[in-house]
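Chemist: The structure follows.
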2 protein chains.
Amino acid sequence: MKHFFLHVVANLSLVLIVFIARDSQADEGFWLFNAPPVKQLQEKYHFTPDAAWLEHIQKSSVRFNGEGSGSFVSANGLVITNHHVAADSLQKFGDVQHNYIRDGFYAATPTEEKRCYDLELNVLESIEDVTSRVDAAVPPGAKPEEALAARRRAIADIEQESTKATGLRSDVVTLFEGGSYQLYRYKQYTDVRLVFAPEQGIAFFGGDPNNFEYPRYNLDICLFRVYENDQPVHPKHYLRFNADGPSEHDLIFASGHPGGTNRMRTVAALEEKRDTIIPALLATLYRREVLLTAYSERSLENARRAREDLLYVQNSRKVYDGELAGLLDPETIQQIATRENSLKSTTAKSLNIGDTYAQIQQAVSADPANTVNFLFFEDTHARSSVLEGIQTKPLGFNSQLFRLARGLVRATEERKKPNEKRLPEYRDSSLPAIEVALFSEAPIYDDLEIVKLTDSLTSLVSHYEADSPIARNLLKGKSPHERAYELVTGTKLKNVQFRRQLYDGGLAALSAAADLMIELAQAADETARHARQVVSEQDEVANKAYAQIAKAKLALGNGQFAPDANFTLRLSYGLVEGYAEEGKPIPAFTDFAGLYQRAEQHENRPPFELPPRWAEKRTALDVHTPFNFVTTADCVGGNSGSPVINRNGEFVGILFDGNSQSLSWDYLYSDKQGRSVAVDSRAILESLQRVYQLPALVNELTGKTMN
Amino acid sequence: MKHFFLHVVANLSLVLIVFIARDSQADEGFWLFNAPPVKQLQEKYHFTPDAAWLEHIQKSSVRFNGEGSGSFVSANGLVITNHHVAADSLQKFGDVQHNYIRDGFYAATPTEEKRCYDLELNVLESIEDVTSRVDAAVPPGAKPEEALAARRRAIADIEQESTKATGLRSDVVTLFEGGSYQLYRYKQYTDVRLVFAPEQGIAFFGGDPNNFEYPRYNLDICLFRVYENDQPVHPKHYLRFNADGPSEHDLIFASGHPGGTNRMRTVAALEEKRDTIIPALLATLYRREVLLTAYSERSLENARRAREDLLYVQNSRKVYDGELAGLLDPETIQQIATRENSLKSTTAKSLNIGDTYAQIQQAVSADPANTVNFLFFEDTHARSSVLEGIQTKPLGFNSQLFRLARGLVRATEERKKPNEKRLPEYRDSSLPAIEVALFSEAPIYDDLEIVKLTDSLTSLVSHYEADSPIARNLLKGKSPHERAYELVTGTKLKNVQFRRQLYDGGLAALSAAADLMIELAQAADETARHARQVVSEQDEVANKAYAQIAKAKLALGNGQFAPDANFTLRLSYGLVEGYAEEGKPIPAFTDFAGLYQRAEQHENRPPFELPPRWAEKRTALDVHTPFNFVTTADCVGGNSGSPVINRNGEFVGILFDGNSQSLSWDYLYSDKQGRSVAVDSRAILESLQRVYQLPALVNELTGKTMN
C-alpha cells in the first residue's frame with residue numbers, strides 16, 4: 001500500500017541520461033503527457049502513442065487530492081481507485097454502529113450512494129508552457145530570497161489569471177528543478193459518492209506483514225460515482241474495462257500521480273536524508289505505531305477509530321525502513337557517486353559542475369537544527385514542501401484540531417496579503433481546497449485527539465528539553481497530558497459553524513474567540529514559519545544548482561529524460577514480468593487458489609483472516625482466476641489507484657503497491673527485482689460477480705448497460 | 001507486569017525523612033531485614049516483628065536471578081513466582097510443536113518436571129556489616145578513580161574470602177549511597193524444575209492494554225520445584241499457604257527484590273533522566289516493539305519465538321512512558337525541589353550542602369555524549385549499573401549471540417586479572433552465574449537474531465551517522481542487514497561445546513577461532529569499556545555527594561529511613577486498600593465474575609480471549625472468589641513474585657504488578673492512588689482445584705500431604 005504523504009524531498013526532477021547509458025532497456029521514468037517517451041516506446045516496443053491515445057488516457061485519469069490516483073471506468077461517472085486510497089473517506093462515514101472499512105459497502109440504488117465529506121477529485125484538462133514568463137520575472141543577479149519572491153509573484157499571477165479566465169483549478173508546476181514551468185488546469189469535482197467497497201480483510205489481506213511484499217492476494221479497489229448538479233457526470237473520456245486482463249510479457253502503461261521521487265538528488269542530499277531526515281521521521285513513526293496499537297487494543301471501538309491512522313503510520317514506517325535500508329547499503333551511495341563523478345569528468349569545465357555540487361552540499365548541511373525545527377513545527381516533508389489544503393503534518397502537533405486551528409490562523413493572516421505574497425497553499429487558486437478541509441463534517445474523537453497530542457507534545461518536549469523556552473511557551477507549565485487534555489476539551493473547533501465564523505470573521509473573530517487551540521497554533525506559528533522560510537531559501541539555492549546539473553546532463557545529449565515526480569499526472573510503462581528472489585522464481589501472476597492457501601497457512605488468523613463472504617464463496621469462484629500481478633512500470637507513493645492500461649487504452653488492472661525492492665525506487669530505479677503490484681481486471685469482475693453478486697455493477701463496468 | 005531490568009539509576013539509597021515529615025502515615029520504603037521498620041509498625045499497626053518472624057520470612061524468600069522474586073511454599077521445595085517471571089524459562093522449553101507459554105504446563109509426576117536451562121535461585125542466608133573495612137581501604141583524599149579502584153579491591157577481597165570460607169555466594173552490597181556496605185551471603189540453587197504454569201491467556205489476561213492497570217483479572221503464577229543432588233529440597237523455612245486470603249484494610253507485608261529506585265535523586269539527576277536517558281531508551285523500545293510485532297505477524301511460529309522479547313519490550317515501554325509522564329509534570333520536579341530547598345535551609349552551613357548538589361549536577365551533566373555511548377555500547381542501565389551474568393544489554397547490539405560473544409571476550413580478558421581488578425560481574429564469586437549464562441542450551445533462532453541485530457545496528461549507524469569511524473569500524477563496509485546476516489550465519493557460537501572450548505581456551509582459542517561475532521564483540525569493547533569507566537567515575541563523584549546528603553538528612557534526626565532498592569531482599573508493608581479515580585471508587589478486590597464480564601465486553605478477542613479451559617469451567621467455579629487485590633505496600637520492578645504475607649507470616653497472595661499511578665514510585669512514592677497489585681491466595685487454590693483439577697498440587701500447597 002502506497003500512500004502519498006510522508007515522502008521527503010519532492011518536487012525535483014529526474015535525469016535519466018547516465019542511467020540510460022548504463023542500461024538502455026530499463027523502463028524507468030514518470031513521463032509528462034506533453035513529452036511522452038515516444039522514441040523509447042517505438043524503439044523498444046514498436047508502439048507509437050498518438051495524440052488521441054494520450055488525450056484519452058490523460059482525461060480518463062483522476063487525481064484524489066492528498067491521497068492518490070484513479071480513473072473513470074464507466075459512461076456514468078464511475079471512478080475506480082484503491083481501497084486504501086478511499087479508506088480515509090470510508091473511515092469518516094463510520095461510527096460505533098457502522099464499520100464500513102471492516103465490513104465493506106454497496107449502494108444498490110443511487111439514493112444509497114454516500115457523499116464523501118471532504119474528497120476532491122481533479123482531472124487534468126490542459127497543460128501550457130509558462131517557463132519564459134516565470135523566468136522573465138526574476139531579475140538577473142537576484143539574491144535567493146528575492147528570486148523566490150519574484151518567482152512566487154509571477155506564478156500567483158499566472159494562476160489567478162487562468163482561474164479567472166477558465167474557471168478551472170490552475171496550478172503552475174515546477175519541473176526539471178525550475179528548468180521548466182507548466183500551467184496545469186484541472187476540472188474539479190467535489191461531489192463524490194461511495195458506490196462499492198470490499199471488506200478491508202480482502203482489500204488488505206495479509207496486512208502490514210504482506211504490505212510491500214509479493215506474491216500478494218489483495219482486492220485493493222473501491223468505486224465512487226462523480227456527480228455534478230446532483231446528477232452523475234457522463235465523462236467524455238473513460239477507460240473501457242477489459243475483461244481478459246493482461247498476459248505475461250505484455251507492454252502496459254500506468255497513468256497516475258506519483259507523489260515525489262529523489263532521483264536527481266546528489267550524494268550530499270541523500271546523506272542528509274539518510275542521517276538526519278529519515279531517522280527523525282522513523283523515530284516518530286515508531287512511537288505513533290506503538291501508541292495507536294496500544295490505543296486500538298483497549299476496545300473494539302478504539303480499534304475502529306484509529307484504524308486508518310494506524311495503517312497509514314505502518315505503511316509510512318515500512319516505506320522509510322526500506323528507503324533507509326537502501327541508503328545504508330554502501331553500494332547505493334557508491335553507484336550514485338559514480339554517476340556524479342562521471343558527469344563531472346564529462347562536463348565542459350566552463351560549467352563549473354564541481355562548484356554546483358558544492359553549493360548543494362552547502363545548502364543541505366547549512367542548518368540541520370532548522371531542518372529538525374521544520375519537521376517538528378511545519379511539516380514532515382523536509383525541503384521543498386508540497387502542501388495541499390491544511391494537510392500540514394508537524395511532528396510535534398499530531399492533532400486534527402491543531403491542523404484546523406493552524407488552517408484558520410494562516411487563512412486569516414494570508415488572505416490579508418496580496419495573492420502573490422501568500423504561502424502557495426493559501427493563494428486564491430487553492431482556497432477551495434482549504435475550505436473543503438476546514439469545513440469538513442468528518443468526526444473528530446476527543447479521546448484519540450488527546451492521546452495523539454499528548455504523545456506528540458511529549459516527543460516535542462523530549463527533543464527540545466522540558467526547560468527550554470520553546471517547550472515552556474507551548475506547554476504553559478503543564479505536563480503534556482494535562483496540556484493536551486485542556487486543549488482538546490477546551491476548544492470549540494469541533495463545531496463546523498464555529499470554524500466558518502472564524503474563517504469569515506478575520507483576526508478580530510480569532511482574538512475574540514479566545515480559543516486555546518487557536519492560541520496554540522498562533523504560539524507555534526513563528527517558529528514554524530521561520531523554519532519554512534529558511535528551508536525555502538535553501539531550496540532556492542539547491543534548485544538553482546540542480547537546474548545547472550540538469551542542463552549539464554542535457555548537454556551530453558544522450559536522450560530524453562523525465563522529471564522527478566511531484567503529484568502531477570505522469571505516464572509510466574513497462575512489462576508484466578516475474579522476477580527471481582534468492583534463486584527462486586516469483587511468477588508474475590497470483591490467483592484465488594493462492595489466497596485460500598495462504599489463509600490456511602495462517603490458520604485464518606488476522607491479518608490473514610478471510611472475510612466470511614470470501615470463505616463461503618470459495619466453491620462459487622473460479623480459483624484459477626488471476627488475482628494480482630507485477631510489472632516493471634515505474635511507480636511510487638501517489639501512484640496508488642493508477643489504472644494499468646494496455647496498448648488499446650483499455651483498463652486491465654489497477655496499481656496498488658510496489659514490492660520491497662521497489663522502495664529504493666525513490667532514489668534509484670532498477671528492474672532487476674523491483675516491481676509495481678496491481679489487481680487484475682479479471683479478479684475484479686470475478687469478485688463482483690461471484691462473491692458480491694452485483695450484476696448491475698458488472699454490467700456497468702463492462703458496458704453492457706448504459707443507464 | 002514488572003520486570004527488573006531496564007530500570008535506570010539503581011543502587012542508591014532512599015532517604016525518607018523529609019517525606020515522613022510531610023506525611024507520617026505513608027507506608028513507604030524497601031526495608032532491610034537487619035533494619036526493619038519496627039517503630040513505624042508498632043506505632044501505626046501495633047505490630048512487632050520479632051527476630052524469628054523476620055528470619056522465617058527472609059529464608060522463605062527466593063530471588064530469581066535477573067528476573068524477580070518468589071518464595072518457598074511447601075515442605076517439598078515448591079517455589080511460587082509470577083508467570084511473567086518464569087516466562088523466560090517457559091519460552092526456552094518451547095519449539096515448533098510446543099508452546100508452553102500459550103498452553104501452560106503441568107508435571108503430574110516428578111519425572112515430568114522439566115529442568116530449566118539457565119535459571120538460578122538465591123536464598124539470603126546472612127547479612128554482615130563490612131562498612132568499616134571497605135571505608136578503611138580508601139586512602140583519605142583519594143581521587144575518584146583511585147577511590148573506586150580501592151573500594152573495588154576491598155569488596156572483591158571480602159567476597160572472595162567469604163566464598164572460600166562458606167561456599168555461599170557472597171556479594172558486598174552498597175547501601176545508603178556508600179554510607180553502608182553489607183556482605184550478603186546466598187544459598188544458590190541451579191537445579192530448578194517446572195511443575196505448573198497456567199496459560200498466558202489467563203496469567204496475562206488483558207495483555208499490554210491492561211498491564212499496569214487496575215481492576216485486573218490475572219492468574220500470574222508459576223510453580224517450580226527446587227532440587228539438590230537430584231532430590232527435591234526440604235527447606236527449613238517456607239510460607240504456609242493461607243486459604244482464606246486477606247481482607248480489606250488488613251496489614252500485609254511483601255518480601256522481595258525491588259530492582260532499583262531513584263528516590264534519593266536530585267532534581268539535576270532526574271532532569272538528566274527526563275531529558276537524555278529515558279528518551280534514548282524509549283526511542284529504542286518503540287522501534288523494537290514495532291519490529292517484534294511485525295516479525296510476529298509473519299507466522300504463528302514467529303509469534304511464538306518472539307513472544308517473550310515482545311512482552312518484555314512492551315512492559316518496559318509502559319514503565320518508561322509512565323516514569324517520563326511523571327517527570328514531565330512540573331509538579332513532580334517542584335515537589336522534589338521543595339524538599340531539596342528545605343534540606344538546604346535546615347542543614348548546618350558547615351556541611352556545604354549547596355556545593356554537594358552542585359557536584360551532582362556537574363557529574364550528571366559532565367559528558368552526555370558518553371552517557372549515550374554507554375547506552376549504545378554497554379548497557380541500558382545508565383549510571384551505576386547492576387550487571388548480572390552476561391545480561392549486558394547495549395542498545396546497539398540486540399543479539400543473544402553478541403551477548404555470548406561479549407561474555408566470552410570479557411571472561412577471557414578479566415580472568416587474567418587479579419580478582420579485585422576485574423569488572424564486578426567477572427569476579428570469582430560471580431563466575432558461576434556467568435557460566436550458567438554462557439553454557440545455556442536455550443535455543444537461538446537465526447532469523448530472529450538477524451532481524452534484531454539488523455535493527456539495532458541500523459539504530460547505531462543512524463545515531464553515529466553512517467560515515468563515522470565508529471560505524472565504519474563495526475559495519476565493515478556492509479549494510480546493517482548484510483552485516484547482521486554474515487555475523488549470525490557465520491558464527492559458531494550457537495554450539496555450546498564451542499563456547500566451552502573458547503571459555504577454557506583463553507585468548508589463544510579466541511584468536512584461533514576467527515569467529516566474526518567474537519571479532520565484533522572485540523571491536524566494540526574499547527568504546528564500551530571506556531564509556532563504562534567514565535560513567536563509573538562520574539558515579540563515584542555523585543555517590544560521594546549523595547552520601548553527604550544522606551548524612552545531612554540523618555543529622556536532622558527525624559526518624560528512620562530505608563535505602564533505595566538494588567535487587568536485594570527487602571520488606572515492605574501496607575494495607576489492602578481500594579482508591580478513587582476520577583471520582584469513582586476502585587474497590588480493593590476483583591473476582592472471577594469480573595473476569596468473565598470483561599472477556600465478554602471485548603467479544604473474547606485477544607488479548608481479552610479466555611483460554612478454552614477457562615471458558616469451559618465457568619460454571620464449575622465459585623465466581624465470587626476474590627481474584628486480584630491492591631495494597632499500599634511499596635513495590636517496583638523486581639518485586640514481581642514477592643509473596644504477600646499476613647501478620648502470622650503466612651502466604652495470602654503474590655505481587656505481580658503496580659497500577660499506572662505507581663509507575664512514578666520510581667522516584668516519588670504516594671499512596672493517594674498508587675497501588676501494588678497481587679493475586680489472592682483464594683484464587684490460586686480455586687483455579688488449581690476447579691479449573692485445572694490438580695488435587696495433588698492443592699494438597700501439597702495446603703499442607704494436607706507431605707510426601
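Just remember, in the C-alpha cells the first chain shown is A, the second B, etc., residues are 1-based per chain, and ligands are 1-based in the order shown.
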Could you give me, as a PyMOL selection string, the residues within 8 Å of Ser89 (chain B), counting only C-alpha atoms and dropping anything in the same chain fewer than 4 positions from it?

Modeler: chain B and resi 93+116-119

Chemist: Would you export the selected residues with C-alpha atoms as a tab-separated table (two decimals), in the first residue's frame, please?

Modeler:
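Heads up, here's the output in result_13.tsv:
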chain	number	residue	atom	x	y	z
B	93	PHE	CA	11.42	-25.07	26.61
B	116	CYS	CA	15.24	-25.15	33.43
B	117	TYR	CA	18.12	-24.30	31.13
B	118	ASP	CA	19.73	-21.43	32.94
B	119	LEU	CA	17.70	-20.44	35.97

Chemist: Compile the residues of chain A that lie within 7 Å of chain B, evaluated using only C-alpha atoms, and express the compilation as a list in words.

Modeler: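 Close to chain B, chain A has Pro209, Asp275, Pro279, Ala283, Tyr286, Arg287, Val290, Ala294, Glu297, Arg298, Ser299, Leu300, Leu328, Asp329, Pro330, Ser462, Glu465, Gly477, Lys478, Ser479 and His602 of chain A.
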
Chemist: Compile the contact shell of region 185-202 of chain A as a ChimeraX atom specification: residues with an atom at most 7 Å away, counting only C-alpha atoms, same-chain residues fewer than 5 positions apart removed.

Modeler: /A:83,101-107,113-116,119-127,168-171,218-219,221-228,609-611

Chemist: What does the file look like for those residues with N, CA and C atoms, as a short mmCIF file (atom, residue, chain, number, x, y, z; two decimals), in the first residue's frame?

Modeler:
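Just written: again_24.cif:
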data_model
loop_
_atom_site.label_atom_id
_atom_site.label_comp_id
_atom_site.auth_asym_id
_atom_site.auth_seq_id
_atom_site.Cartn_x
_atom_site.Cartn_y
_atom_site.Cartn_z
N HIS A 83 -8.83 0.66 -2.45
CA HIS A 83 -9.49 0.71 -1.14
C HIS A 83 -8.68 1.57 -0.18
N ILE A 101 -15.13 0.28 6.80
CA ILE A 101 -13.79 -0.19 6.45
C ILE A 101 -13.70 -1.70 6.64
N ARG A 102 -14.14 -2.17 7.77
CA ARG A 102 -14.07 -3.60 8.06
C ARG A 102 -15.08 -4.38 7.22
N ASP A 103 -16.32 -3.85 7.13
CA ASP A 103 -17.42 -4.64 6.58
C ASP A 103 -17.70 -4.41 5.11
N GLY A 104 -17.12 -3.36 4.52
CA GLY A 104 -17.41 -3.06 3.13
C GLY A 104 -18.71 -2.30 2.97
N PHE A 105 -19.06 -1.99 1.70
CA PHE A 105 -20.26 -1.18 1.42
C PHE A 105 -20.69 -1.39 -0.01
N TYR A 106 -22.02 -1.37 -0.24
CA TYR A 106 -22.52 -1.34 -1.61
C TYR A 106 -23.82 -0.54 -1.64
N ALA A 107 -23.91 0.38 -2.59
CA ALA A 107 -25.13 1.15 -2.79
C ALA A 107 -25.88 0.54 -3.96
N GLU A 113 -26.07 5.81 -2.47
CA GLU A 113 -24.67 6.24 -2.63
C GLU A 113 -24.37 7.35 -1.61
N LYS A 114 -23.25 7.20 -0.92
CA LYS A 114 -22.95 8.10 0.22
C LYS A 114 -21.97 9.18 -0.21
N ARG A 115 -22.36 10.42 -0.04
CA ARG A 115 -21.50 11.53 -0.43
C ARG A 115 -20.34 11.71 0.56
N CYS A 116 -19.13 11.83 0.04
CA CYS A 116 -17.96 11.95 0.91
C CYS A 116 -17.88 13.33 1.54
N LEU A 119 -13.80 15.01 0.00
CA LEU A 119 -13.00 14.44 -1.06
C LEU A 119 -13.10 15.33 -2.30
N GLU A 120 -11.94 15.68 -2.86
CA GLU A 120 -11.94 16.45 -4.10
C GLU A 120 -11.18 15.67 -5.16
N LEU A 121 -11.78 15.53 -6.35
CA LEU A 121 -11.10 14.88 -7.46
C LEU A 121 -10.75 15.91 -8.52
N ASN A 122 -9.60 15.71 -9.17
CA ASN A 122 -9.17 16.62 -10.24
C ASN A 122 -8.91 15.82 -11.51
N VAL A 123 -9.30 16.40 -12.64
CA VAL A 123 -8.96 15.81 -13.93
C VAL A 123 -8.17 16.85 -14.72
N LEU A 124 -7.01 16.44 -15.21
CA LEU A 124 -6.13 17.37 -15.91
C LEU A 124 -6.69 17.67 -17.29
N GLU A 125 -7.06 18.93 -17.52
CA GLU A 125 -7.69 19.31 -18.78
C GLU A 125 -6.68 19.82 -19.80
N SER A 126 -5.67 20.57 -19.34
CA SER A 126 -4.71 21.12 -20.31
C SER A 126 -3.39 21.44 -19.64
N ILE A 127 -2.35 21.53 -20.46
CA ILE A 127 -1.01 21.89 -19.99
C ILE A 127 -0.50 23.02 -20.89
N LEU A 168 -11.19 27.00 -14.14
CA LEU A 168 -10.55 25.73 -13.76
C LEU A 168 -9.50 25.95 -12.68
N ARG A 169 -9.31 24.95 -11.85
CA ARG A 169 -8.19 25.00 -10.91
C ARG A 169 -6.91 25.10 -11.73
N SER A 170 -6.05 26.07 -11.42
CA SER A 170 -4.88 26.34 -12.24
C SER A 170 -3.64 26.35 -11.36
N ASP A 171 -2.75 25.39 -11.58
CA ASP A 171 -1.53 25.28 -10.79
C ASP A 171 -0.32 25.41 -11.70
N ASN A 218 -4.65 -9.31 -2.95
CA ASN A 218 -5.43 -8.19 -2.43
C ASN A 218 -6.43 -7.67 -3.46
N LEU A 219 -7.68 -7.53 -3.02
CA LEU A 219 -8.67 -6.87 -3.87
C LEU A 219 -8.73 -5.40 -3.43
N ILE A 221 -9.52 -2.38 -4.18
CA ILE A 221 -10.29 -1.49 -5.06
C ILE A 221 -11.43 -0.82 -4.30
N CYS A 222 -11.91 0.27 -4.86
CA CYS A 222 -13.09 0.94 -4.32
C CYS A 222 -13.71 1.73 -5.48
N LEU A 223 -15.03 1.80 -5.53
CA LEU A 223 -15.71 2.51 -6.63
C LEU A 223 -16.52 3.69 -6.10
N PHE A 224 -16.33 4.82 -6.71
CA PHE A 224 -17.10 6.03 -6.41
C PHE A 224 -17.85 6.44 -7.68
N ARG A 225 -18.86 7.29 -7.49
CA ARG A 225 -19.50 7.91 -8.64
C ARG A 225 -19.40 9.42 -8.47
N VAL A 226 -19.04 10.08 -9.57
CA VAL A 226 -18.85 11.53 -9.53
C VAL A 226 -20.12 12.22 -9.99
N TYR A 227 -20.52 13.21 -9.23
CA TYR A 227 -21.74 13.96 -9.51
C TYR A 227 -21.42 15.42 -9.81
N GLU A 228 -22.30 16.02 -10.61
CA GLU A 228 -22.34 17.48 -10.76
C GLU A 228 -23.80 17.88 -10.79
N GLU A 609 -6.99 -13.38 7.89
CA GLU A 609 -8.33 -13.91 8.10
C GLU A 609 -9.20 -13.50 6.91
N LEU A 610 -9.84 -14.47 6.27
CA LEU A 610 -10.73 -14.14 5.15
C LEU A 610 -12.03 -13.56 5.66
N PRO A 611 -12.58 -12.55 5.01
CA PRO A 611 -13.92 -12.10 5.39
C PRO A 611 -14.90 -13.27 5.19
#

Chemist: From a DSSP pass on the backbone, collect the residues of region 82-209 of chain B flagged as strand (DSSP E) and hand them back as a ChimeraX atom specification.

Modeler: /B:105-106,114-115,121-129,169-175,180-189,191-197

Chemist: What does the structure give for the distance between CA of Leu685 (chain A) and CA of Gln597 (chain A), in Å to one decimal?

Modeler: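 Separation of CA of Leu685 (chain A) and CA of Gln597 (chain A): 21.3 Å.
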
Chemist: Among region 164-310 of chain A, which residues carry a DSSP assignment of helix (DSSP H, G or I), reported as a PyMOL selection string?

Modeler: chain A and resi 164-166+176-178+200-203+207-210+267-297+300-310

Chemist: Residues near Asn373 (chain B), anyone? I mean within 9 Å using only C-alpha atoms, not counting same-chain ones fewer than 2 positions away, as an NGL selection string.

Modeler: :B and (368-371 or 375-378 or 527-528 or 531-532)

Chemist: List the neighbours of Arg570 (chain A) out to 8 Å using only C-alpha atoms; skip same-chain residues closer than 4 positions along the sequence, and give me the result as a PyMOL selection string.

Modeler: chain A and resi 30-33+255-258+565

Chemist: So how far away is CA of Met517 (chain B) from CA of Leu493 (chain B), in Å?

Modeler: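 A separation of 8.0 Å between them.
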
Chemist: Report the distance between CA of Pro418 (chain A) and CA of Glu435 (chain A) in Å, rounded to one decimal place.

Modeler: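 So the answer is 18.7 Å.
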
Chemist: Give me, as JSON, numbers by chain, all polymer residues having an atom no more than 12 Å from Tyr45 (chain A), counting only C-alpha atoms and skipping those fewer than 6 positions away in the same chain.

Modeler: {"A": [25, 27, 37, 38, 39, 249, 250, 251, 252, 573, 574, 575, 647]}

Chemist: Using only N, CA and C atoms, please write the residues we just selected to a file, as an mmCIF file, in the first residue's frame.

Modeler:
data_model
loop_
_atom_site.group_PDB
_atom_site.id
_atom_site.type_symbol
_atom_site.label_atom_id
_atom_site.label_comp_id
_atom_site.auth_asym_id
_atom_site.auth_seq_id
_atom_site.Cartn_x
_atom_site.Cartn_y
_atom_site.Cartn_z
ATOM 1 N N GLN A 25 17.743 -0.628 -21.561
ATOM 2 C CA GLN A 25 16.482 -1.358 -21.581
ATOM 3 C C GLN A 25 15.532 -0.957 -20.455
ATOM 4 N N ASP A 27 12.813 0.431 -18.103
ATOM 5 C CA ASP A 27 11.581 1.159 -18.393
ATOM 6 C C ASP A 27 11.347 2.221 -17.327
ATOM 7 N N PRO A 37 7.467 9.383 -23.821
ATOM 8 C CA PRO A 37 8.691 8.685 -24.255
ATOM 9 C C PRO A 37 8.474 7.989 -25.597
ATOM 10 N N VAL A 38 8.134 8.756 -26.602
ATOM 11 C CA VAL A 38 7.760 8.175 -27.891
ATOM 12 C C VAL A 38 8.905 7.368 -28.496
ATOM 13 N N LYS A 39 10.095 7.963 -28.421
ATOM 14 C CA LYS A 39 11.247 7.312 -29.038
ATOM 15 C C LYS A 39 11.500 5.930 -28.405
ATOM 16 N N HIS A 249 4.542 -10.700 -20.074
ATOM 17 C CA HIS A 249 5.375 -10.030 -21.085
ATOM 18 C C HIS A 249 4.650 -8.941 -21.861
ATOM 19 N N ASP A 250 3.388 -8.680 -21.545
ATOM 20 C CA ASP A 250 2.662 -7.592 -22.222
ATOM 21 C C ASP A 250 3.271 -6.235 -21.877
ATOM 22 N N LEU A 251 3.281 -5.355 -22.877
ATOM 23 C CA LEU A 251 3.573 -3.947 -22.598
ATOM 24 C C LEU A 251 2.325 -3.322 -21.963
ATOM 25 N N ILE A 252 2.522 -2.642 -20.824
ATOM 26 C CA ILE A 252 1.390 -1.959 -20.182
ATOM 27 C C ILE A 252 1.828 -0.545 -19.767
ATOM 28 N N TYR A 573 5.594 3.161 -18.088
ATOM 29 C CA TYR A 573 5.329 1.986 -18.919
ATOM 30 C C TYR A 573 6.287 0.873 -18.519
ATOM 31 N N GLY A 574 5.939 -0.337 -18.912
ATOM 32 C CA GLY A 574 6.800 -1.467 -18.587
ATOM 33 C C GLY A 574 6.127 -2.764 -19.002
ATOM 34 N N LEU A 575 6.696 -3.855 -18.512
ATOM 35 C CA LEU A 575 6.187 -5.171 -18.888
ATOM 36 C C LEU A 575 5.575 -5.874 -17.683
ATOM 37 N N ARG A 647 -2.213 -1.524 -24.758
ATOM 38 C CA ARG A 647 -1.926 -0.699 -25.944
ATOM 39 C C ARG A 647 -3.180 -0.051 -26.513
#
